[in-house]
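A.B. asks: Just so it is clear, I am handing over start.txt, which has compact mmCIF, C-alpha atoms.
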# COMPACT_ATOMS: atom_id res chain seq x y z
CA MET A 1 39.59 46.93 56.26
CA THR A 2 38.19 44.87 53.40
CA SER A 3 36.61 46.83 50.54
CA ILE A 4 34.14 44.96 48.34
CA ILE A 5 33.10 46.51 45.04
CA LEU A 6 29.95 45.02 43.48
CA ALA A 7 30.42 44.84 39.72
CA ALA A 8 28.50 41.82 38.43
CA GLY A 9 25.51 43.43 36.72
CA GLN A 10 24.97 43.56 32.98
CA GLY A 11 24.31 47.29 32.81
CA THR A 12 21.58 46.90 30.21
CA ARG A 13 20.48 50.54 30.57
CA LEU A 14 24.01 51.65 29.68
CA ARG A 15 24.00 49.94 26.31
CA PRO A 16 25.62 50.30 23.82
CA TYR A 17 28.48 51.28 26.17
CA THR A 18 28.21 47.92 27.96
CA ASP A 19 27.89 45.73 24.88
CA GLU A 20 31.45 44.47 25.32
CA ILE A 21 32.54 45.61 28.80
CA PRO A 22 31.06 45.53 32.31
CA LYS A 23 29.33 48.60 33.65
CA CYS A 24 32.15 49.61 35.99
CA MET A 25 34.63 49.71 33.10
CA VAL A 26 32.65 52.34 31.20
CA PRO A 27 34.79 55.49 31.13
CA LEU A 28 33.74 58.84 32.54
CA ALA A 29 36.01 61.81 31.90
CA GLY A 30 38.61 59.50 30.36
CA LYS A 31 38.78 56.90 33.11
CA PRO A 32 36.71 53.79 33.95
CA LEU A 33 34.28 54.20 36.82
CA LEU A 34 36.08 51.40 38.64
CA HIS A 35 39.43 53.17 38.45
CA HIS A 36 37.95 56.45 39.70
CA GLN A 37 36.66 54.49 42.67
CA MET A 38 39.89 52.59 43.29
CA GLU A 39 41.87 55.83 43.34
CA THR A 40 39.51 57.26 45.92
CA LEU A 41 39.87 54.13 48.05
CA ALA A 42 43.64 54.51 47.83
CA ALA A 43 43.45 58.18 48.82
CA CYS A 44 41.62 57.14 52.01
CA GLY A 45 43.84 54.16 52.80
CA ALA A 46 41.06 51.67 52.00
CA ASP A 47 42.78 49.86 49.14
CA ALA A 48 44.98 47.32 50.97
CA ASN A 49 42.40 44.54 50.73
CA MET A 50 40.14 45.24 47.75
CA VAL A 51 37.79 42.68 46.25
CA VAL A 52 35.79 43.13 43.05
CA VAL A 53 32.86 40.77 42.58
CA GLY A 54 32.33 40.48 38.85
CA GLY A 55 29.92 38.62 36.64
CA TYR A 56 29.03 39.99 33.23
CA ARG A 57 32.18 40.26 31.08
CA SER A 58 34.39 39.83 34.13
CA ASP A 59 37.22 38.99 31.72
CA LYS A 60 37.27 42.67 30.81
CA LEU A 61 37.77 43.92 34.37
CA GLU A 62 41.06 45.77 34.90
CA LEU A 63 41.60 45.14 38.59
CA ARG A 64 44.92 46.78 39.39
CA ASN A 65 45.64 45.54 42.93
CA ALA A 66 42.20 44.07 43.68
CA ASP A 67 41.22 40.41 43.88
CA LEU A 68 38.51 39.07 41.60
CA LEU A 69 35.59 36.95 42.74
CA THR A 70 32.63 36.15 40.53
CA ASN A 71 28.91 35.69 40.83
CA PRO A 72 28.25 32.85 38.37
CA ALA A 73 24.51 33.56 38.52
CA TYR A 74 24.91 37.28 37.78
CA ASP A 75 22.19 37.17 35.12
CA THR A 76 19.53 35.73 37.45
CA THR A 77 20.40 37.38 40.79
CA ASN A 78 20.83 40.88 42.17
CA MET A 79 23.27 42.86 44.28
CA VAL A 80 22.81 41.16 47.66
CA ALA A 81 23.56 37.79 46.10
CA THR A 82 26.63 39.31 44.48
CA LEU A 83 27.81 40.71 47.81
CA PHE A 84 27.56 37.35 49.55
CA CYS A 85 29.65 35.70 46.87
CA ALA A 86 32.41 37.45 48.85
CA ARG A 87 31.24 36.16 52.22
CA ASP A 88 34.56 34.47 52.93
CA ARG A 89 36.22 37.89 52.71
CA MET A 90 33.94 39.38 55.39
CA CYS A 91 36.10 38.76 58.42
CA ASP A 92 34.68 39.05 61.94
CA GLY A 93 36.43 41.89 63.73
CA GLU A 94 37.64 43.55 60.52
CA ASP A 95 35.98 46.68 59.11
CA LEU A 96 34.02 46.15 55.90
CA LEU A 97 33.35 48.69 53.16
CA ILE A 98 30.77 47.85 50.48
CA SER A 99 30.43 49.90 47.31
CA TYR A 100 28.31 49.70 44.20
CA GLY A 101 30.41 49.46 41.07
CA ASP A 102 28.54 52.16 39.13
CA ILE A 103 29.26 55.10 41.43
CA VAL A 104 32.14 57.52 41.81
CA PHE A 105 32.77 59.63 44.89
CA GLU A 106 35.24 62.13 46.25
CA PRO A 107 37.70 61.19 49.01
CA ARG A 108 35.91 63.55 51.41
CA ALA A 109 32.71 61.54 51.04
CA LEU A 110 34.43 58.22 51.70
CA GLN A 111 36.49 59.59 54.58
CA ALA A 112 33.35 60.97 56.20
CA LEU A 113 31.80 57.50 56.07
CA ILE A 114 34.92 55.84 57.49
CA ASP A 115 35.09 58.36 60.33
CA ALA A 116 31.36 58.44 61.12
CA TYR A 117 29.58 57.05 64.17
CA GLY A 118 27.75 53.73 64.20
CA GLY A 119 28.33 50.02 63.76
CA ILE A 120 26.52 49.97 60.41
CA ARG A 121 26.38 53.18 58.45
CA VAL A 122 25.38 54.33 55.00
CA ALA A 123 26.44 57.40 53.06
CA ALA A 124 23.60 59.67 51.94
CA ASP A 125 23.58 62.98 50.08
CA ARG A 126 21.55 65.86 51.51
CA GLN A 127 22.02 67.86 48.30
CA TRP A 128 20.75 65.14 45.96
CA LYS A 129 17.96 67.25 44.50
CA ARG A 130 20.49 69.74 43.15
CA LEU A 131 22.17 67.10 40.98
CA TRP A 132 18.93 65.33 40.05
CA SER A 133 17.54 68.66 38.80
CA THR A 134 20.24 68.84 36.13
CA ARG A 135 18.95 65.56 34.70
CA MET A 136 15.15 65.75 34.89
CA ASP A 137 12.22 68.05 35.47
CA ASN A 138 10.87 66.07 38.43
CA PRO A 139 13.65 64.68 40.67
CA LEU A 140 11.12 62.55 42.57
CA ASP A 141 10.72 60.38 39.47
CA ASP A 142 14.13 58.81 40.14
CA ALA A 143 14.45 59.18 43.91
CA GLU A 144 14.00 56.76 46.81
CA THR A 145 12.80 57.39 50.32
CA PHE A 146 15.35 58.01 53.04
CA ARG A 147 13.99 58.87 56.47
CA MET A 148 15.91 59.29 59.73
CA ASP A 149 15.01 59.74 63.37
CA GLU A 150 16.27 62.62 65.49
CA ASN A 151 19.45 60.70 66.32
CA GLY A 152 20.48 60.08 62.72
CA ARG A 153 19.35 56.46 62.62
CA VAL A 154 17.80 55.42 59.32
CA ILE A 155 14.21 54.26 59.72
CA GLU A 156 13.24 53.79 56.06
CA LEU A 157 14.97 53.71 52.68
CA GLY A 158 14.54 52.44 49.17
CA LYS A 159 10.81 53.00 48.67
CA LYS A 160 9.03 55.10 46.06
CA PRO A 161 8.54 58.56 47.61
CA GLU A 162 5.23 60.36 47.61
CA GLY A 163 6.84 63.71 48.37
CA TYR A 164 10.11 65.43 49.19
CA GLU A 165 9.45 65.20 52.92
CA THR A 166 10.23 61.46 52.76
CA VAL A 167 13.59 62.03 51.04
CA GLN A 168 15.78 63.60 53.72
CA ALA A 169 18.83 62.50 51.74
CA GLN A 170 19.63 60.06 48.94
CA TYR A 171 21.33 56.75 49.66
CA MET A 172 24.52 56.56 47.62
CA GLY A 173 25.42 52.88 47.47
CA LEU A 174 28.21 53.06 50.06
CA ILE A 175 27.98 50.99 53.25
CA PHE A 176 30.40 50.64 56.16
CA VAL A 177 30.17 47.78 58.65
CA ARG A 178 32.40 48.15 61.69
CA GLY A 179 34.46 45.09 62.53
CA ASP A 180 32.50 44.21 65.65
CA ARG A 181 29.25 44.18 63.63
CA VAL A 182 30.38 42.04 60.71
CA ALA A 183 29.33 38.74 62.31
CA ASP A 184 25.83 40.10 62.98
CA PHE A 185 25.63 41.53 59.47
CA LYS A 186 26.20 38.02 58.10
CA ARG A 187 23.79 36.59 60.67
CA ALA A 188 21.04 38.92 59.46
CA TYR A 189 21.54 37.66 55.91
CA ASP A 190 21.23 34.08 57.16
CA GLU A 191 17.95 34.94 58.90
CA LEU A 192 16.25 36.00 55.67
CA ASP A 193 13.45 33.78 54.38
CA ARG A 194 14.75 32.22 51.16
CA ASN A 195 11.13 31.85 50.01
CA GLY A 196 10.11 35.37 51.01
CA MET A 197 9.47 38.48 48.97
CA TYR A 198 11.32 41.72 49.65
CA ASP A 199 9.95 44.95 48.18
CA GLY A 200 8.41 42.91 45.39
CA LYS A 201 11.53 40.84 44.68
CA ASP A 202 12.35 37.27 45.58
CA PHE A 203 15.32 36.44 47.77
CA ASP A 204 17.79 36.01 44.90
CA ASN A 205 16.86 39.36 43.39
CA MET A 206 16.35 41.51 46.47
CA TYR A 207 17.71 45.04 46.53
CA MET A 208 20.48 46.11 48.88
CA THR A 209 18.08 48.63 50.37
CA SER A 210 15.77 45.70 51.26
CA LEU A 211 18.59 44.07 53.21
CA LEU A 212 19.28 47.35 54.99
CA GLN A 213 15.57 47.73 55.77
CA TYR A 214 15.55 44.22 57.23
CA LEU A 215 18.43 45.20 59.50
CA ILE A 216 16.44 48.24 60.64
CA ASP A 217 13.19 46.31 61.09
CA THR A 218 14.92 43.68 63.25
CA GLY A 219 16.29 46.28 65.66
CA ARG A 220 19.77 46.72 64.27
CA ASP A 221 20.85 50.35 64.13
CA VAL A 222 21.77 51.70 60.71
CA HIS A 223 23.23 55.19 60.95
CA ALA A 224 23.25 57.83 58.23
CA CYS A 225 26.48 59.54 57.27
CA LEU A 226 25.28 62.73 55.59
CA ILE A 227 27.34 64.47 52.94
CA ASP A 228 26.68 67.38 50.60
CA SER A 229 27.28 66.40 46.97
CA GLY A 230 30.61 64.82 45.99
CA TRP A 231 29.39 61.70 44.18
CA LEU A 232 27.67 60.44 41.03
CA GLU A 233 25.77 57.33 40.01
CA VAL A 234 25.98 56.33 36.35
CA ASP A 235 23.03 54.09 35.60
CA THR A 236 21.91 54.87 32.05
CA ALA A 237 23.46 55.88 28.73
CA GLU A 238 21.69 59.22 29.02
CA GLU A 239 23.22 59.86 32.44
CA LEU A 240 26.68 58.98 31.19
CA GLU A 241 26.37 61.34 28.24
CA HIS A 242 24.96 64.07 30.49
CA PHE A 243 27.87 63.79 32.93
CA GLU A 244 30.39 63.65 30.10
CA SER A 245 28.95 66.88 28.74
CA MET A 246 29.20 68.49 32.18
CA ALA A 247 32.80 67.29 32.54
CA SER A 248 33.64 68.79 29.14
CA ASN A 249 32.12 72.19 29.90
CA GLY A 250 33.59 72.36 33.40
CA THR A 251 30.36 72.21 35.40
CA LEU A 252 30.70 68.67 36.79
CA ASP A 253 33.17 69.81 39.45
CA ASP A 254 30.35 71.74 41.12
CA TYR A 255 28.71 68.39 41.89
CA CYS A 256 31.55 65.85 42.00
CA ARG A 257 35.24 66.57 41.52
CA LEU A 258 36.82 63.64 39.70
CA SER A 259 40.50 62.82 40.14
How does this structure look as structure tokens?
C.D. replies:
Amino acid sequence: MTSIILAAGQGTRLRPYTDEIPKCMVPLAGKPLLHHQMETLAACGADANMVVVGGYRSDKLELRNADLLTNPAYDTTNMVATLFCARDRMCDGEDLLISYGDIVFEPRALQALIDAYGGIRVAADRQWKRLWSTRMDNPLDDAETFRMDENGRVIELGKKPEGYETVQAQYMGLIFVRGDRVADFKRAYDELDRNGMYDGKDFDNMYMTSLLQYLIDTGRDVHACLIDSGWLEVDTAEELEHFESMASNGTLDDYCRLS
């Protein structure tokens, strides 16, 4: 298995914590987000072939046993472009794990994704509203749609929800592509219109959820791996400080148990 961690973004909403270091190196509970993630990968045996795709302040990345690739256009592109800077490491026939660099997750969440059914699968949290409610009065303000059919195939994700009925779970930023689907995953990327618009973004700045939606819309099955809590996304300075406070008072373990 190859594990690719996407860590090129500038993390502007995490300033001042990201003034001098990349987003994934910001510490939570005494340890950089990246190192929390790497330890979870190791716990699940997914650390033998790790790649970090950096960009902003990549000189500050502490990689341990991972290889570094860079997105030289990190300041003018988005996450899909960052992912495909590692295209040469996506080997046909070899399982592929893709992870956002600003999340942490428990081994049980990652293991569930590795063990789940489906050629392309995404981790999603059924209990998302519980965590969101600790941060804001209206969880829908910071949620995205995630709808599945009766067989657990994702039919829509990444849109602005109009109500809770369109958020059956919350996409976490973890994707697994089985080895026999890697070639088609790359083929789908090649099919995209370089002059097109995707959820209001041009090709270079498209969201990962837009790529996943394209896979769905072109008849490729994307399966949901549903978990209950066990992860965090750290996107803003306020979120970081909120989670640090919860870690200090002992309540964070009820939502995500950090190593």
A.B. asks: Counting all atoms listed in the file, what is within 12 Å of Gly219 in chain A, bar same-chain residues fewer than 2 positions away, as a PyMOL selection string?
C.D. replies: chain A and resi 153-155+184+188+212-217+221-222
A.B. asks: Enter the distance from CA of Phe176 in chain A to CA of Leu6 in chain A, in Å, rounded to one decimal.
C.D. replies: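 Spanning CA of Phe176 in chain A to CA of Leu6 in chain A is a straight-line distance of 13.9 Å.
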A.B. asks: List the spatial neighbours of Asp235 in chain A as a PyMOL selection string - criterion: any atom at most 8 Å away, only C-alpha atoms, same-chain residues fewer than 3 positions off excluded.
C.D. replies: chain A and resi 11+13-14+102+239-240
A.B. asks: Would you mind listing what lies within 6 Å of Trp231 in chain A as number ranges by chain, with all atoms listed in the file counted and same-chain residues fewer than 5 positions away left out?
C.D. replies: A: 104-105, 256
A.B. asks: Kindly indicate which residue among A:Asp253, A:Asp47, A:Asp88, A:Asp137 lies nearest to His35 in chain A, using all atoms listed in the file for the distances.
C.D. replies: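 Among the listed residues, the smallest separation from His35 in chain A belongs to A:Asp47.
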A.B. asks: Which residue, A:Ala73, A:Val182, A:Leu157, A:Leu258, has the smallest gap to Gln170 in chain A when you use only C-alpha atoms?
C.D. replies: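 Of the candidates, the smallest distance to Gln170 in chain A is held by A:Leu157.
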A.B. asks: What gap, in Å, lies between CA of Ser99 in chain A and CA of Ile5 in chain A?
C.D. replies: 4.9 Å
A.B. asks: Tell me which of A:Ser3, A:Gln10, A:Gln168, A:Ser245 sits closest to Met79 in chain A, counting only C-alpha atoms.
C.D. replies: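 Once distances to Met79 in chain A are computed over only C-alpha atoms, the minimum belongs to A:Gln10.
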A.B. asks: Which residue, A:Leu232, A:Ala7, A:Met90, A:Ile103, has the smallest gap to Tyr74 in chain A when you use only C-alpha atoms?
C.D. replies: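 Among A:Leu232, A:Ala7, A:Met90, A:Ile103, it is A:Ala7 that comes nearest to Tyr74 in chain A.
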A.B. asks: Given the choices A:Val177, A:Val51, A:Ile4, A:Ala29, which gets closest to Asp115 in chain A if the distance is worked out from only C-alpha atoms?
C.D. replies: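 Nearest candidate to Asp115 in chain A out of A:Val177, A:Val51, A:Ile4, A:Ala29: A:Val177.
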A.B. asks: Provide the CA of Leu63 in chain A to CA of Gly179 in chain A distance in Å, to one decimal place.
C.D. replies: 25.0 Å
A.B. asks: Using 5 Å of padding on each side, determine the axis-aligned box around all atoms of range 143-153 of chain A present in the file and give its centre and edge lengths in Å to one decimal, as lines of an AutoDock Vina configuration file.
C.D. replies:
center_x = 16.6
center_y = 59.5
center_z = 55.1
size_x = 17.7
size_y = 16.2
size_z = 32.4
A.B. asks: Enumerate, as a list in words, the protein, DNA and RNA residues whose atoms approach (26.7, 39.3, 50.8) to within 10 Å, taking into account only C-alpha atoms and the coordinate frame of the file.
C.D. replies: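 Residues found, by chain and rising number: Ile4, Leu6, Met79, Val80, Ala81, Thr82, Leu83, Phe84, Cys85, Ala86, Arg87, Asp88, Arg89, Met90, Ile98, Phe185, Lys186, Tyr189, Asp190, Met208 and Leu211 of chain A.
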A.B. asks: Between A:Arg126, A:Arg57, A:Lys31, A:Lys160, which residue has the minimum interatomic distance to Thr70 in chain A, considering all atoms listed in the file?
C.D. replies: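 Looking at the shortest contact to Thr70 in chain A, the residue is A:Arg57.
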A.B. asks: Quick one: residues within 12 Å of (36.7, 59.3, 30.0) (file frame), counting only C-alpha atoms, please, as a PyMOL selection string.
C.D. replies: chain A and resi 25-36+240-241+243-245+247-248+258-259
A.B. asks: Show which residues sit within 12 Å of Lys129 in chain A, as a PyMOL selection string. Count only C-alpha atoms, and ignore same-chain residues fewer than 2 positions away.
C.D. replies: chain A and resi 125-127+131-144+164+167-170+228-229+255
A.B. asks: Quick one: residues within 9 Å of Ala66 in chain A, only C-alpha atoms, excluding same-chain residues fewer than 5 positions away - as a compact mmCIF listing (two decimals) with C-alpha atoms, keeping the file's coordinate frame?
C.D. replies:
# COMPACT_ATOMS: atom_id res chain seq x y z
CA MET A 38 39.89 52.59 43.29
CA ASP A 47 42.78 49.86 49.14
CA ALA A 48 44.98 47.32 50.97
CA ASN A 49 42.40 44.54 50.73
CA MET A 50 40.14 45.24 47.75
CA VAL A 51 37.79 42.68 46.25
CA VAL A 52 35.79 43.13 43.05
